[in-house]
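Asker: Dropping a structure here in structure tokens format, bear with me for questions.
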There are 2 protein chains.
Amino acid sequence: MPSPPKVPIPTLERLATYMRMLVELSSNGSATISSAEVEVCTGVDASQFRKDLSYFGMFGKPGVGYDVASLQRKIARILRIDSPQPVVLIGAGNLGAALVGYPGMAEHNFEIRAVFDNNFAKIGRKLWDTEILDINDLESVNREIGARIAILAVPSSAAQEVAEHCVRAGMDLILNFAPTHIKMAANIFVRDVSFLQELAVLSFHAGPSDDHS
Amino acid sequence: MPSPPKVPIPTLERLATYMRMLVELSSNGSATISSAEVEVCTGVDASQFRKDLSYFGMFGKPGVGYDVASLQRKIARILRIDSPQPVVLIGAGNLGAALVGYPGMAEHNFEIRAVFDNNFAKIGRKLWDTEILDINDLESVNREIGARIAILAVPSSAAQEVAEHCVRAGMDLILNFAPTHIKMAANIFVRDVSFLQELAVLSFHAGPSDDHS
């Protein structure tokens with residue numbers, strides 16, 4: 001089941017939504033699910049679900065639907081969370097704390113293996129169960145961990161420098177929560193999450209029309 | 001400049017990115033910007049930028065580019081942040097604290113006017129400068145505020161009930177940070193932000209290829 005070279009980002013996002021549903025279903029002992037049930041569980045159209053899966057050569061059985069365990073295994077492989085995916089978090093502030101405590105990380109095989117900060121008042125203390133480490137030790141610690149994913153929960157003013165530091169420490173997949181554009185070489189994948197963007201999408205819909213369907 | 005009935009969500013997301021750039025540019029005193037400069041500032045292709053704006057009938061002047069102040073005014077109007085947009089936050093935990101303290105909210109005319117929680121240990125205390133109110137007062141407080149946007153930073157188990165409460169209090173635009181699907185009537189616009197989804201998109205790219213361009 002080789003991945004197509006270019007998968008649309010919205011498809012990947014929905015795969016994560018299906019994954020969350022499948023994790024729940026398998027903990028409930030469900031064996032199969034139909035695309036109609038997927039629509040009820042996730043809000044994604046049944047036809048969109050079938051289309052997303054067919055992209056990867058996955059099809060349900062007529063009258064039966066999809067095998068939960070098999071689908072979960074396949075999607076986990078596509079998203080490369082069929083084995084634990086180590087993650088490094090930079091920034092032990094409120095957002096960092098929210099991320100470390102975010103529910104479902106472990107069930108999805110994301111392991112925040114280390115938390116770094118540059119604030120001496122925080123270094124050595126704990127964020128939940130994880131000790132906050134000195135950002136200056138990023139390279140040496142990640143030599144042990146081997147994380148490719150870095151989450152940046154740092155101020156905008158620090159984001160570019162911290163991202164470059166992460167790259168020097170061997171990470172090439174960066175989730176950036178700072179509301180600023182990070183400039184990276186083409187071999188580094190940066191994904192920006194901007195709360196202002198999310199709010200703007202909502203706000204746009206505050207029009208006179210009251211039908212958002 | 002009437003808005004087209006259906007604007008793609010990615011276009012709206014990029015409008016917010018342009019808005020952030022324009023806020024910065026006008027604070028630096030820049031009068032004009034070319035689409036090539038936009039690409040450098042935001043990472044969005046110059047052609048994509050021109051396409052996004054042409055959607056709303058906005059065009060640059062050949063050899064000059066775009067007028068910063070005028071563009072900022074127009075995008076603010078499209079995103080309905082040309083006047084303050086009141087926002088209500090539910091959930092005074094770590095994520096709630098990160099959102100209240102998120103930089104740029106005020107510059108973008110998003111005003112988190114009230115924070116609610118159901119935890120008596122938190123009610124009456126402050127989250128940054130904002131007093132944490134009792135969720136039971138949501139209706140009466142929002143009668144004063146008139147917010148249409150609610151941010152849900154609550155556990156998954158509470159999200160559906162809290163969302164319904166927000167609707168009863170007059171809100172119809174919901175930004176949901178809980179990793180669960182909220183079922184709402186068609187006249188309510190719900191936008192889910194899932195950190196697992198964001199991580200999954202990154203993780204997918206942890207393939208053998210090292211060119212993410």
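Lettering and numbering for the structure tokens are positional, with chains as A, B, ... in the shown order, residues counted from 1 in each chain, and ligands counted from 1 in the shown order.
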Near B:Ala178, counting only C-alpha atoms, which residues have an atom at most 12 Å away, once you skip same-chain residues fewer than 5 positions from it, shown as a PyMOL selection string?

Answerer: (chain A and resi 98-99+102-104) or (chain B and resi 90-91+95-96+151-160+162-163+190-197)

Asker: Show me, as an mmCIF file with C-alpha atoms, in the first residue's frame, the residues that have an atom within 12 Å of stretch 58-60 of chain A when counting only C-alpha atoms, minus same-chain residues fewer than 2 positions from it.

Answerer:
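Written out: out26.cif:
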data_model
loop_
_atom_site.group_PDB
_atom_site.id
_atom_site.type_symbol
_atom_site.label_atom_id
_atom_site.label_comp_id
_atom_site.auth_asym_id
_atom_site.auth_seq_id
_atom_site.Cartn_x
_atom_site.Cartn_y
_atom_site.Cartn_z
ATOM 1 C CA MET A 1 0.000 0.000 0.000
ATOM 2 C CA PRO A 2 2.415 2.699 -1.158
ATOM 3 C CA SER A 3 1.354 6.276 -0.351
ATOM 4 C CA THR A 32 -17.101 -3.026 11.793
ATOM 5 C CA ILE A 33 -18.367 0.401 10.801
ATOM 6 C CA SER A 34 -20.302 1.632 7.783
ATOM 7 C CA SER A 35 -19.568 4.914 6.033
ATOM 8 C CA ALA A 36 -23.024 6.134 7.148
ATOM 9 C CA ALA A 46 -20.035 9.233 3.956
ATOM 10 C CA SER A 47 -19.023 9.840 0.346
ATOM 11 C CA PHE A 49 -14.939 9.170 3.777
ATOM 12 C CA ARG A 50 -15.097 6.553 1.024
ATOM 13 C CA LYS A 51 -13.198 8.867 -1.316
ATOM 14 C CA ASP A 52 -10.463 9.561 1.240
ATOM 15 C CA LEU A 53 -9.922 5.852 1.853
ATOM 16 C CA SER A 54 -10.042 4.861 -1.823
ATOM 17 C CA TYR A 55 -7.107 7.256 -2.259
ATOM 18 C CA PHE A 56 -5.050 4.672 -0.386
ATOM 19 C CA PRO A 62 -20.838 -4.041 0.553
ATOM 20 C CA GLY A 63 -23.442 -4.588 3.279
ATOM 21 C CA VAL A 64 -20.763 -4.974 5.969
ATOM 22 C CA GLY A 65 -18.673 -1.814 5.920
ATOM 23 C CA TYR A 66 -15.140 -1.487 7.132
ATOM 24 C CA ASP A 67 -13.246 -3.676 9.549
ATOM 25 C CA VAL A 68 -12.341 -1.436 12.490
ATOM 26 C CA SER A 70 -7.789 -3.415 9.945
ATOM 27 C CA LEU A 71 -8.697 0.177 9.090
ATOM 28 C CA GLN A 72 -7.045 1.454 12.265
ATOM 29 C CA ARG A 73 -3.875 -0.493 11.458
ATOM 30 C CA LYS A 74 -3.763 0.843 7.907
ATOM 31 C CA ILE A 75 -4.411 4.469 8.782
ATOM 32 C CA ILE A 78 -0.145 5.866 6.610
#

Asker: List as a PDB file with N, CA, C and O atoms, in the first residue's frame the protein and nucleic acid residues near B:Ile123, meaning an atom at most 9 Å away when only C-alpha atoms are counted, but skip any in the same chain fewer than 3 places from it.

Answerer:
ATOM      1  N   PHE B 116     -15.530  31.806  31.208  1.00  0.00           N
ATOM      2  CA  PHE B 116     -16.411  31.043  32.090  1.00  0.00           C
ATOM      3  C   PHE B 116     -15.788  29.699  32.445  1.00  0.00           C
ATOM      4  O   PHE B 116     -15.025  29.130  31.652  1.00  0.00           O
ATOM      5  N   ASP B 117     -16.141  29.218  33.613  1.00  0.00           N
ATOM      6  CA  ASP B 117     -15.740  27.872  34.016  1.00  0.00           C
ATOM      7  C   ASP B 117     -16.834  27.334  34.942  1.00  0.00           C
ATOM      8  O   ASP B 117     -17.682  28.101  35.407  1.00  0.00           O
ATOM      9  N   ASN B 118     -16.806  26.020  35.161  1.00  0.00           N
ATOM     10  CA  ASN B 118     -17.788  25.456  36.106  1.00  0.00           C
ATOM     11  C   ASN B 118     -17.117  25.021  37.398  1.00  0.00           C
ATOM     12  O   ASN B 118     -17.741  24.432  38.261  1.00  0.00           O
ATOM     13  N   ASN B 119     -15.821  25.317  37.504  1.00  0.00           N
ATOM     14  CA  ASN B 119     -15.037  24.895  38.669  1.00  0.00           C
ATOM     15  C   ASN B 119     -15.054  26.011  39.707  1.00  0.00           C
ATOM     16  O   ASN B 119     -14.509  27.094  39.477  1.00  0.00           O
ATOM     17  N   PHE B 120     -15.682  25.713  40.867  1.00  0.00           N
ATOM     18  CA  PHE B 120     -15.836  26.751  41.888  1.00  0.00           C
ATOM     19  C   PHE B 120     -14.493  27.252  42.402  1.00  0.00           C
ATOM     20  O   PHE B 120     -14.395  28.375  42.887  1.00  0.00           O
ATOM     21  N   LYS B 126      -8.847  35.360  38.621  1.00  0.00           N
ATOM     22  CA  LYS B 126      -8.597  36.006  37.339  1.00  0.00           C
ATOM     23  C   LYS B 126      -7.749  35.141  36.417  1.00  0.00           C
ATOM     24  O   LYS B 126      -6.841  34.431  36.868  1.00  0.00           O
ATOM     25  N   GLU B 131     -11.834  38.333  34.845  1.00  0.00           N
ATOM     26  CA  GLU B 131     -12.397  37.532  35.933  1.00  0.00           C
ATOM     27  C   GLU B 131     -13.070  36.283  35.362  1.00  0.00           C
ATOM     28  O   GLU B 131     -13.752  36.346  34.339  1.00  0.00           O
ATOM     29  N   ILE B 132     -12.874  35.166  36.037  1.00  0.00           N
ATOM     30  CA  ILE B 132     -13.504  33.909  35.617  1.00  0.00           C
ATOM     31  C   ILE B 132     -14.916  33.866  36.199  1.00  0.00           C
ATOM     32  O   ILE B 132     -15.105  33.971  37.410  1.00  0.00           O
ATOM     33  N   LEU B 133     -15.897  33.734  35.311  1.00  0.00           N
ATOM     34  CA  LEU B 133     -17.309  33.789  35.715  1.00  0.00           C
ATOM     35  C   LEU B 133     -17.905  32.379  35.781  1.00  0.00           C
ATOM     36  O   LEU B 133     -17.374  31.431  35.195  1.00  0.00           O
ATOM     37  N   ASP B 134     -19.027  32.304  36.473  1.00  0.00           N
ATOM     38  CA  ASP B 134     -19.751  31.048  36.643  1.00  0.00           C
ATOM     39  C   ASP B 134     -20.486  30.719  35.344  1.00  0.00           C
ATOM     40  O   ASP B 134     -21.250  31.537  34.828  1.00  0.00           O
ATOM     41  N   ILE B 135     -20.273  29.510  34.814  1.00  0.00           N
ATOM     42  CA  ILE B 135     -20.911  29.090  33.563  1.00  0.00           C
ATOM     43  C   ILE B 135     -22.439  29.231  33.637  1.00  0.00           C
ATOM     44  O   ILE B 135     -23.097  29.444  32.611  1.00  0.00           O
TER      45      ILE B 135
END

Asker: Measuring between only C-alpha atoms, which one of B:Met21, B:Ala206, B:Ala121, B:Ile149 shows the shortest distance to A:Pro179?

Answerer: B:Met21

Asker: Compile the residues of chain A that lie within 6 Å of chain B, evaluated using only C-alpha atoms, and express the compilation as a PyMOL selection string.

Answerer: chain A and resi 12-13+16+42+79-80+94-95+98+173+181+186-187+189+197+200-204+210-213

Asker: Name the residues of chain A that come out as helix (DSSP H, G or I) in a backbone DSSP run; write them as a PyMOL selection string.

Answerer: chain A and resi 9-27+35-42+46-54+68-78+94-100+135-145+156-168+195-204

Asker: Using DSSP assignments from the backbone, pull out every residue in chain A that falls under strand (DSSP E or B) and give it to me as a ChimeraX atom specification.

Answerer: /A:32-33,61,65-67,85-90,110-117,126-127,130-134,149-152,173-176,189-192

Asker: Those selected residues, please, written with C-alpha atoms and delivered as a short mmCIF file (atom, residue, chain, number, x, y, z; two decimals), in the first residue's frame.

Answerer:
data_model
loop_
_atom_site.label_atom_id
_atom_site.label_comp_id
_atom_site.auth_asym_id
_atom_site.auth_seq_id
_atom_site.Cartn_x
_atom_site.Cartn_y
_atom_site.Cartn_z
CA THR A 32 -17.10 -3.03 11.79
CA ILE A 33 -18.37 0.40 10.80
CA LYS A 61 -17.34 -4.59 1.98
CA GLY A 65 -18.67 -1.81 5.92
CA TYR A 66 -15.14 -1.49 7.13
CA ASP A 67 -13.25 -3.68 9.55
CA GLN A 85 6.34 8.75 17.15
CA PRO A 86 8.60 10.77 19.47
CA VAL A 87 7.87 14.49 19.76
CA VAL A 88 9.85 17.31 21.34
CA LEU A 89 8.07 20.36 22.77
CA ILE A 90 9.76 23.73 23.02
CA PHE A 110 2.50 10.54 19.89
CA GLU A 111 5.00 10.65 22.73
CA ILE A 112 6.12 14.04 23.97
CA ARG A 113 9.48 12.76 25.08
CA ALA A 114 11.08 16.03 26.20
CA VAL A 115 10.08 19.61 27.02
CA PHE A 116 12.55 22.47 26.67
CA ASP A 117 12.57 26.09 27.77
CA LYS A 126 8.07 19.59 35.91
CA LEU A 127 5.37 20.14 33.32
CA THR A 130 7.92 15.68 32.26
CA GLU A 131 11.00 17.52 33.46
CA ILE A 132 11.63 20.85 31.75
CA LEU A 133 15.08 20.76 30.16
CA ASP A 134 17.51 23.49 29.16
CA ILE A 149 8.71 16.31 15.17
CA ALA A 150 9.13 19.56 17.13
CA ILE A 151 6.25 21.55 18.55
CA LEU A 152 7.04 25.25 18.96
CA LEU A 173 8.86 18.42 10.94
CA ILE A 174 7.82 21.55 12.80
CA LEU A 175 4.44 22.45 14.25
CA ASN A 176 4.56 26.19 14.86
CA PHE A 189 8.11 20.74 6.70
CA VAL A 190 6.56 23.56 8.74
CA ARG A 191 2.90 23.63 9.71
CA ASP A 192 1.53 26.80 11.26
#

Asker: Measure the distance from atom CA of A:Arg125 to atom CA of A:Cys166 in Å and round it to one decimal.

Answerer: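 Separation of atom CA of A:Arg125 and atom CA of A:Cys166: 21.6 Å.
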
Asker: Please report the interatomic distance between atom CA of B:Leu22 and atom CA of B:Ala69 in Å with one decimal.

Answerer: 7.8 Å
